[in-house]
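Comments concern the structure below.
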Amino acid sequence: RRTTMKSLFLLFLLFSSVYSVPKGRCPSDSNQMHPIPVPKGGLPFCSMFSSTSCCSASDAEAIGATVDGLMSKDCNSCYSMVRDWKCAECHPNASKFFTGSALCAHCSTLQLCEDYCFALYEVCKDIPFGISDPETAFYINEVSAEEFCEPKISTEPNCFAGTIPTTMDDNCKCPDHKCHEDLVDPRDEL
């Protein structure tokens, strides 16, 4: 009788661990293994993760500084795609975006879904990146869309697909790739 109860208990534990809803997991380089509740007031950046996140407030601030250093907010469509891409590290299940698939068995960078990556390329081509340092500014279309996306894509569900804007940032386009030469390094203004 005791053996039967013990067996049933072990069976219950096995069944519940196999069929329970998995908790979110953060990337291996995150400060936490599982998503944490977001402090009252939310995150200063990456606010789309207002209840739980793999990022702390300081992580989100650092992501915001990175995005602001890469892209002008005036380029709203491209800026929002880059913001969503970088903020995906805060997603409560962000680890799945690093796990890979047949295309990327051991990914070390956040993987994008194919449609999202090619849309990002299309929306952001001819727009200068790296605006915080005009000497190192670059354009994503210095390479082809395939070269840009190939190392960044994986298949669903192991990829991030953010919102694809319906408008282009034509006011930000710089087809001759020389617009960054007119940018002022903010450090020079100090």
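Residue names in the structure tokens use chain letters A, B, ... in the order shown, residue numbers from 1 in each chain, and ligand numbers from 1 in the order shown.
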Identify, with DSSP run on backbone atoms, the residues in range 24-133 of chain A assigned to helix (DSSP H, G or I), and express the list as a PyMOL selection string. chain A and resi 57-70+76-90+94-97+114-124
Within 8 Å of Pro44 in chain A using only C-alpha atoms, minus same-chain residues under 5 positions, as a ChimeraX atom specification: /A:57,60-61
Of the candidates A:Met71, A:Leu112, A:Ile127, A:Ala88, which one gets nearest to Met168 in chain A if we count only C-alpha atoms?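 Among A:Met71, A:Leu112, A:Ile127, A:Ala88, it is A:Ile127 that comes nearest to Met168 in chain A.
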Could you pull out the strand (DSSP E or B) residues of range 71-147 of chain A, going by DSSP on the backbone, and write them as a ChimeraX atom specification? /A:112-113,129,138
Include N, CA and C atoms and write out the residues we just selected as a compact mmCIF listing (two decimals), in the first residue's frame.
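Saved the output as result24.txt:
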# COMPACT_ATOMS: atom_id res chain seq x y z
N LEU A 112 15.51 36.94 -35.34
CA LEU A 112 14.30 37.57 -35.86
C LEU A 112 13.59 36.60 -36.79
N CYS A 113 12.27 36.76 -36.88
CA CYS A 113 11.52 35.99 -37.88
C CYS A 113 11.84 36.60 -39.24
N PHE A 129 22.60 54.71 -39.36
CA PHE A 129 22.64 54.12 -38.01
C PHE A 129 23.93 54.60 -37.36
N PHE A 138 26.73 54.03 -40.09
CA PHE A 138 26.64 53.04 -41.16
C PHE A 138 25.21 52.94 -41.66
Would you please work out which residue, of A:Pro157, A:Val143, A:Pro128, A:Thr52, is nearest to Lys178 in chain A when using only C-alpha atoms?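 That would be A:Pro128, the residue with the smallest distance to Lys178 in chain A.
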